[in-house]
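Undergrad: Have a look at the structure that comes next, please.
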Amino acid sequence: MAAVRLLALTKDFDIGFWRRRPVAALQGVTLDVAPGEVLGYLGPNGAGKTTTMKLLVQLLFPTSGSVEVLGRPAGDVAVRRRVGFLPEAPAFGDNLSAEELLIHYGRLFGFAAPDARRRAARLLDRVGLDAERRRPLRRCSRGMRQRVGVAQALLNDPEVVLLDEPLAGLDALGRRAVRSLLLSLREEGRTVLLSSHILSDAEALCSRIAILARGRLAAAGRLADLGLEVRGWELVVAGVTPAQVAAIEPAPERVTRADDGRCVIALPRSRPPEPILAELIRGGARILALAPQHETLEEFFVRTVAGREAEREAAG
Amino acid sequence: MRVITQLAWHAFRDAARGRVLYVLVPFAVLLIGAAWLSGQLTAGQEVKIVKDLGLTAAALCGLFTAVVLGVGLLAGEVERRSVYTLLAKPVRRHEVVLGKYAGLVLALVVNVGVLAIVLYGVLAFVAATESAEARRGWETPAVDPALLKACFLILVQLMVVAAAALFFATFSSPALAAAMTLGLYVAGHFNADLQTLEEIVGPGLTASLATGLSFVLPNLAPFNVTAEVVHAQPVPPGYVALTTATGLVYAALFLGGAMLVFSRRDLT
Ligand SMILES: Nc1ncnc2c1ncn2[C@@H]1O[C@H](COP(=O)(O)OP(=O)(O)OP(=O)(O)O)[C@@H](O)[C@H]1O
Ligand SMILES: [Mg+2]
């Protein structure tokens with residue numbers, strides 16, 4: 001049984017004041033998330049990611065099609081006990097503090113007061129908000145609210161975690177804290193549906209990826225199988241001399257030197273990195289990292305989706 | 001039930017932390033100032049003036065609180081989008097409406113209670129500073145238990161207003177919901193005038209419309225017994241009971257409407 005199932009899910013929004021006309025936000029999306037899977041739900045702005053997430057917790061009702069979580073329809077209260085949800089750019093306009101909010105939510109999950117308090121304290125600690133736990137939420141910064149949002153989504157040790165852009169608005173430390181939290185969710189075998197429009201976030205965290213474009217599923221599968229093109233390579237080395245860099249023929253696309261003697265070299269796709277690596281090592285350089293640089297999601301869309309649409313238009 | 005209690009307690013705490021209950025402060029100042037001033041100006045009338053002013057001000061302060069909280073607790077949360085995390089918890093939407101309403105009623109009870117205590121305090125002070133002879137001329141005692149009836153009916157009326165605010169707030173913006181609630185309050189107090197409009201303007205579309213409206217809108221005038229209480233006219237317990245029952249029916253209808261609309265609505 002799938003942990004999360006979207007079946008021909010379609011959602012239209014009616015816009016316009018006088019003459020209502022429907023805007024299709026999702027058009028027949030069918031997708032299964034297996035138990036224990038970490039699925040990256042990717043797409044550019046306006047693709048329909050947030051709409052899907054809201055349909056999964058029944059903040060929205062589908063125009064047609066259906067959603068199931070843990071085998072039950074989205075509105076099921078018993079299932080909600082086993083689900084955690086982080087909305088996009090979470091807001092808590094309360095006069096309450098993060099700690100009070102988490103305890104309140106804990107009580108709604110049915111935990112006794114001491115248990116709710118213990119869970120709140122543990123999670124605030126895990127998202128790095130221990131010092132600010134008494135501050136009124138309305139005076140918290142965007143990144144702090146994001147962390148509170150992550151904490152409240154994990155309050156009930158959920159089996160299924162729905163996270164809409166969990167890394168948005170976070171500073172480097174916050175991203176690291178939330179990333180490691182997500183990795184531990186993955187290790188604990190929880191099912192995670194995680195939306196993002198940043199490919200590299202999903203790359204590091206997800207076991208599988210689904211790509212959404214203009215309300216339709218454009219592709220789904222393991223990142224390596226999706227046919228994302230490698231645009232080039234990024235090479236980080238230490239202890240290279242300028243002469244060695246200059247010797248890379250033809251010249252690399254871009255060389256950035258850090259103060260500590262490290263050097264970041266961008267190589268175009270046309271250059272296989274292996275011979276260059278060998279050459280640099282022979283010259284005494286230390287290789288710190290070599291990473292393939294994928295095209296961005298936007299480029300992927302332009303190449304696939306937009307291209308397909310242009311074809312269709314030309315044909316029709 | 002546990003969920004509703006928790007939601008109510010949370011809503012009450014939220015309201016108490018907000019600045020809404022601060023309206024009690026100008027109320028007290030106004031009342032004490034009026035008592036002092038009327039004592040300077042009119043001999044023997046100050047108790048009536050303080051009672052009249054006190055009850056009217058209590059009704060208006062309560063109205064302000066009921067509208068601001070009724071609109072803010074739900075529509076405010078929807079507009080701020082803080083309702084998203086709440087509704088993903090194991091709560092049903094109608095429980096959220098009920099819980100918020102219960103917290104709101106609790107805040108109104110505290111509000112009216114404090115106003116009544118201040119009013120009684122001022123009246124006791126006025127009585128203590130008057131001569132025994134002047135006190136004999138009063139129709140009713142200064143610290144008159146009948147005032148409690150007036151305060152109670154004000155509270156019931158506020159429960160109706162709060163339920164209406166919650167209902168309007170389920171399908172419109174906070175500002176629009178507040179405007180509609182105030183409109184309902186004003187129209188509700190002129191309900192009797194709507195029915196008799198025909199005698200003034202003659203039969204026609206306007207008159208029929210007014211009569212029609214007077215049946216649809218709740219009649220709020222019976223909840224105001226200030227004049228009776230101040231002028232020592234009786235307010236029979238049966239009247240209080242019947243008016244309360246009517247009020248609870250109005251409140252229940254609005255609340256039912258609110259639950260119905262809110263449970264089916266897309267929260268975009
Ligand atoms: N309340 C609404 N009324 C009308 N249209 C809406 C509403 N919410 C979303 N849409 C439309 O639905 C489409 C999908 O929006 P959605 O918010 O799901 O995108 P997204 O993938 O989450 O984008 P982003 O990366 O910007 O968060 C967009 O075209 C958007 O304009
Ligand atoms: Mg979004």
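Chain identifiers are assigned as A, B, and so on, following the order in which chains appear in the structure tokens; residues are numbered from 1 within each chain, and ligands are numbered from 1 in order of appearance.
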Restrict the calculation to only C-alpha atoms, then for each residue of region 37-117 of chain B with any atom at most 8 Å from an atom of region 225-247 of chain B give the closest atom pair and their distance in Å to one decimal, rows by chain and rising residue number, as JSON lines.
TA:
{"residue": "B:Lys48", "atom": "CA", "partner": "B:Val230", "partner_atom": "CA", "distance": 5.9}
{"residue": "B:Lys51", "atom": "CA", "partner": "B:Val230", "partner_atom": "CA", "distance": 6.4}
{"residue": "B:Asp52", "atom": "CA", "partner": "B:Val230", "partner_atom": "CA", "distance": 6.4}
{"residue": "B:Leu55", "atom": "CA", "partner": "B:Thr226", "partner_atom": "CA", "distance": 6.5}
{"residue": "B:Thr56", "atom": "CA", "partner": "B:Thr226", "partner_atom": "CA", "distance": 7.5}
Undergrad: Include N, CA, C and O atoms and write out the residues we just selected as a compact mmCIF listing (two decimals), in the first residue's frame.
TA:
# COMPACT_ATOMS: atom_id res chain seq x y z
N LYS B 48 -29.05 57.52 38.55
CA LYS B 48 -29.67 57.14 37.28
C LYS B 48 -28.71 57.34 36.12
O LYS B 48 -28.59 56.50 35.22
N LYS B 51 -25.98 54.70 36.15
CA LYS B 51 -26.49 53.39 35.71
C LYS B 51 -26.72 53.37 34.20
O LYS B 51 -26.32 52.43 33.50
N ASP B 52 -27.39 54.41 33.73
CA ASP B 52 -27.71 54.48 32.30
C ASP B 52 -26.43 54.45 31.47
O ASP B 52 -26.25 53.64 30.55
N LEU B 55 -24.45 51.02 31.80
CA LEU B 55 -24.98 49.87 31.04
C LEU B 55 -24.80 50.09 29.54
O LEU B 55 -24.45 49.16 28.81
N THR B 56 -25.05 51.32 29.09
CA THR B 56 -24.88 51.60 27.66
C THR B 56 -23.43 51.40 27.25
O THR B 56 -23.13 50.76 26.22
Undergrad: Please return as a ChimeraX atom specification the residues found within 8 Å of ligand 2, counting only C-alpha atoms and all ligand atoms.
TA: /A:45-51,88,164-165,195
Undergrad: At a cut-off of 12 Å, which residues of chain B touch chain A? Count only C-alpha atoms and give the answer as a ChimeraX atom specification.
TA: /B:1-19,72-93,95-96,99,262-268
Undergrad: Work out how far CA of Met259 (chain B) is from CA of Leu106 (chain B), in Å to one decimal.
TA: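 Atom-to-atom, CA of Leu106 (chain B) to CA of Met259 (chain B), that is 19.2 Å.
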Undergrad: Enumerate, as a PyMOL selection string, the complete set of residues in region 8-236 of chain B that a backbone-based DSSP assignment places in helix (DSSP H, G or I).
TA: chain B and resi 8-17+20-41+46-80+83-87+93-129+132-136+146-169+174-189+191-195+197-201+205-216+221-223+226-230
Undergrad: Within 7 Å of region 57-68 of chain B, counting only C-alpha atoms, which residues qualify if same-chain residues fewer than 2 places away don't, as a PDB file with N, CA, C and O atoms, in the first residue's frame?
TA:
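So the final result, stored in around-v2.pdb, reads:
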ATOM      1  N   VAL B  20      -7.394  43.628  23.163  1.00  0.00           N
ATOM      2  CA  VAL B  20      -8.826  43.889  23.073  1.00  0.00           C
ATOM      3  C   VAL B  20      -9.424  44.256  24.422  1.00  0.00           C
ATOM      4  O   VAL B  20     -10.248  45.162  24.525  1.00  0.00           O
ATOM      5  N   VAL B  23     -10.076  47.879  26.345  1.00  0.00           N
ATOM      6  CA  VAL B  23     -11.195  48.827  26.280  1.00  0.00           C
ATOM      7  C   VAL B  23     -11.840  48.998  27.648  1.00  0.00           C
ATOM      8  O   VAL B  23     -12.538  49.962  27.884  1.00  0.00           O
ATOM      9  N   PHE B  27     -13.379  52.606  29.744  1.00  0.00           N
ATOM     10  CA  PHE B  27     -14.735  52.457  30.283  1.00  0.00           C
ATOM     11  C   PHE B  27     -14.777  52.870  31.750  1.00  0.00           C
ATOM     12  O   PHE B  27     -15.611  53.670  32.166  1.00  0.00           O
ATOM     13  N   LEU B  53     -25.524  55.338  31.847  1.00  0.00           N
ATOM     14  CA  LEU B  53     -24.252  55.445  31.118  1.00  0.00           C
ATOM     15  C   LEU B  53     -23.459  54.145  31.227  1.00  0.00           C
ATOM     16  O   LEU B  53     -22.894  53.655  30.248  1.00  0.00           O
ATOM     17  N   GLY B  54     -23.441  53.597  32.447  1.00  0.00           N
ATOM     18  CA  GLY B  54     -22.658  52.387  32.689  1.00  0.00           C
ATOM     19  C   GLY B  54     -23.140  51.227  31.837  1.00  0.00           C
ATOM     20  O   GLY B  54     -22.341  50.540  31.183  1.00  0.00           O
ATOM     21  N   LEU B  55     -24.451  51.016  31.804  1.00  0.00           N
ATOM     22  CA  LEU B  55     -24.976  49.875  31.044  1.00  0.00           C
ATOM     23  C   LEU B  55     -24.803  50.091  29.542  1.00  0.00           C
ATOM     24  O   LEU B  55     -24.448  49.159  28.807  1.00  0.00           O
ATOM     25  N   GLY B  70     -14.585  38.107  17.386  1.00  0.00           N
ATOM     26  CA  GLY B  70     -15.352  37.195  16.533  1.00  0.00           C
ATOM     27  C   GLY B  70     -14.789  37.140  15.130  1.00  0.00           C
ATOM     28  O   GLY B  70     -14.687  36.085  14.512  1.00  0.00           O
ATOM     29  N   VAL B  71     -14.396  38.301  14.645  1.00  0.00           N
ATOM     30  CA  VAL B  71     -13.827  38.365  13.305  1.00  0.00           C
ATOM     31  C   VAL B  71     -12.374  37.886  13.320  1.00  0.00           C
ATOM     32  O   VAL B  71     -11.942  37.123  12.463  1.00  0.00           O
ATOM     33  N   GLY B  72     -11.632  38.320  14.333  1.00  0.00           N
ATOM     34  CA  GLY B  72     -10.191  38.067  14.353  1.00  0.00           C
ATOM     35  C   GLY B  72      -9.835  36.619  14.622  1.00  0.00           C
ATOM     36  O   GLY B  72      -8.897  36.090  14.036  1.00  0.00           O
ATOM     37  N   LEU B 108     -15.961  37.169  26.711  1.00  0.00           N
ATOM     38  CA  LEU B 108     -17.068  38.114  26.890  1.00  0.00           C
ATOM     39  C   LEU B 108     -17.594  38.080  28.331  1.00  0.00           C
ATOM     40  O   LEU B 108     -17.944  39.121  28.894  1.00  0.00           O
ATOM     41  N   ASN B 111     -15.237  40.023  30.299  1.00  0.00           N
ATOM     42  CA  ASN B 111     -15.422  41.428  29.927  1.00  0.00           C
ATOM     43  C   ASN B 111     -16.628  42.036  30.653  1.00  0.00           C
ATOM     44  O   ASN B 111     -16.512  43.021  31.381  1.00  0.00           O
ATOM     45  N   VAL B 112     -17.799  41.425  30.487  1.00  0.00           N
ATOM     46  CA  VAL B 112     -19.013  41.963  31.101  1.00  0.00           C
ATOM     47  C   VAL B 112     -18.915  41.886  32.625  1.00  0.00           C
ATOM     48  O   VAL B 112     -19.352  42.811  33.331  1.00  0.00           O
ATOM     49  N   LEU B 115     -16.856  44.759  33.838  1.00  0.00           N
ATOM     50  CA  LEU B 115     -17.620  46.005  33.685  1.00  0.00           C
ATOM     51  C   LEU B 115     -18.666  46.119  34.792  1.00  0.00           C
ATOM     52  O   LEU B 115     -18.850  47.196  35.377  1.00  0.00           O
ATOM     53  N   ILE B 154     -27.244  41.754  28.311  1.00  0.00           N
ATOM     54  CA  ILE B 154     -26.181  42.292  27.441  1.00  0.00           C
ATOM     55  C   ILE B 154     -25.259  41.158  27.006  1.00  0.00           C
ATOM     56  O   ILE B 154     -24.895  41.028  25.826  1.00  0.00           O
ATOM     57  N   LEU B 158     -24.430  39.806  23.318  1.00  0.00           N
ATOM     58  CA  LEU B 158     -23.067  39.741  22.786  1.00  0.00           C
ATOM     59  C   LEU B 158     -22.763  38.344  22.239  1.00  0.00           C
ATOM     60  O   LEU B 158     -22.008  38.205  21.268  1.00  0.00           O
ATOM     61  N   VAL B 161     -24.121  38.431  18.805  1.00  0.00           N
ATOM     62  CA  VAL B 161     -23.260  39.231  17.934  1.00  0.00           C
ATOM     63  C   VAL B 161     -21.980  38.464  17.588  1.00  0.00           C
ATOM     64  O   VAL B 161     -21.546  38.426  16.431  1.00  0.00           O
ATOM     65  N   ALA B 162     -21.391  37.819  18.598  1.00  0.00           N
ATOM     66  CA  ALA B 162     -20.143  37.089  18.368  1.00  0.00           C
ATOM     67  C   ALA B 162     -20.363  35.932  17.388  1.00  0.00           C
ATOM     68  O   ALA B 162     -19.535  35.695  16.500  1.00  0.00           O
ATOM     69  N   ALA B 165     -20.604  37.408  13.989  1.00  0.00           N
ATOM     70  CA  ALA B 165     -19.279  37.800  13.499  1.00  0.00           C
ATOM     71  C   ALA B 165     -18.518  36.587  12.994  1.00  0.00           C
ATOM     72  O   ALA B 165     -17.910  36.602  11.922  1.00  0.00           O
ATOM     73  N   ALA B 178     -16.621  42.441   9.822  1.00  0.00           N
ATOM     74  CA  ALA B 178     -16.873  43.397  10.907  1.00  0.00           C
ATOM     75  C   ALA B 178     -17.977  44.367  10.497  1.00  0.00           C
ATOM     76  O   ALA B 178     -18.896  44.658  11.286  1.00  0.00           O
ATOM     77  N   THR B 181     -21.320  42.625  10.623  1.00  0.00           N
ATOM     78  CA  THR B 181     -21.787  42.397  11.994  1.00  0.00           C
ATOM     79  C   THR B 181     -22.339  43.685  12.593  1.00  0.00           C
ATOM     80  O   THR B 181     -23.397  43.681  13.230  1.00  0.00           O
TER      81      THR B 181
END
Undergrad: Applying 8 Å and only C-alpha atoms, which residues near Leu123 (chain B) remain after dropping the ones on its own chain fewer than 4 positions away? List them as a PyMOL selection string.
TA: chain B and resi 47+50-51+119+127+142-143
Undergrad: Find the residues around Met144 (chain A) up to 12 Å (only C-alpha atoms counted), leave out those fewer than 6 positions away in its own chain, and share them as a PyMOL selection string.
TA: chain A and resi 89-92+97-98+124+127-133+135-138+150-151+167-171+173-175+178
Undergrad: Rounded to one decimal, what separation in Å do you get between CA of Ser200 (chain A) and CA of Arg231 (chain A)?
TA: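 It comes out at 13.7 Å.
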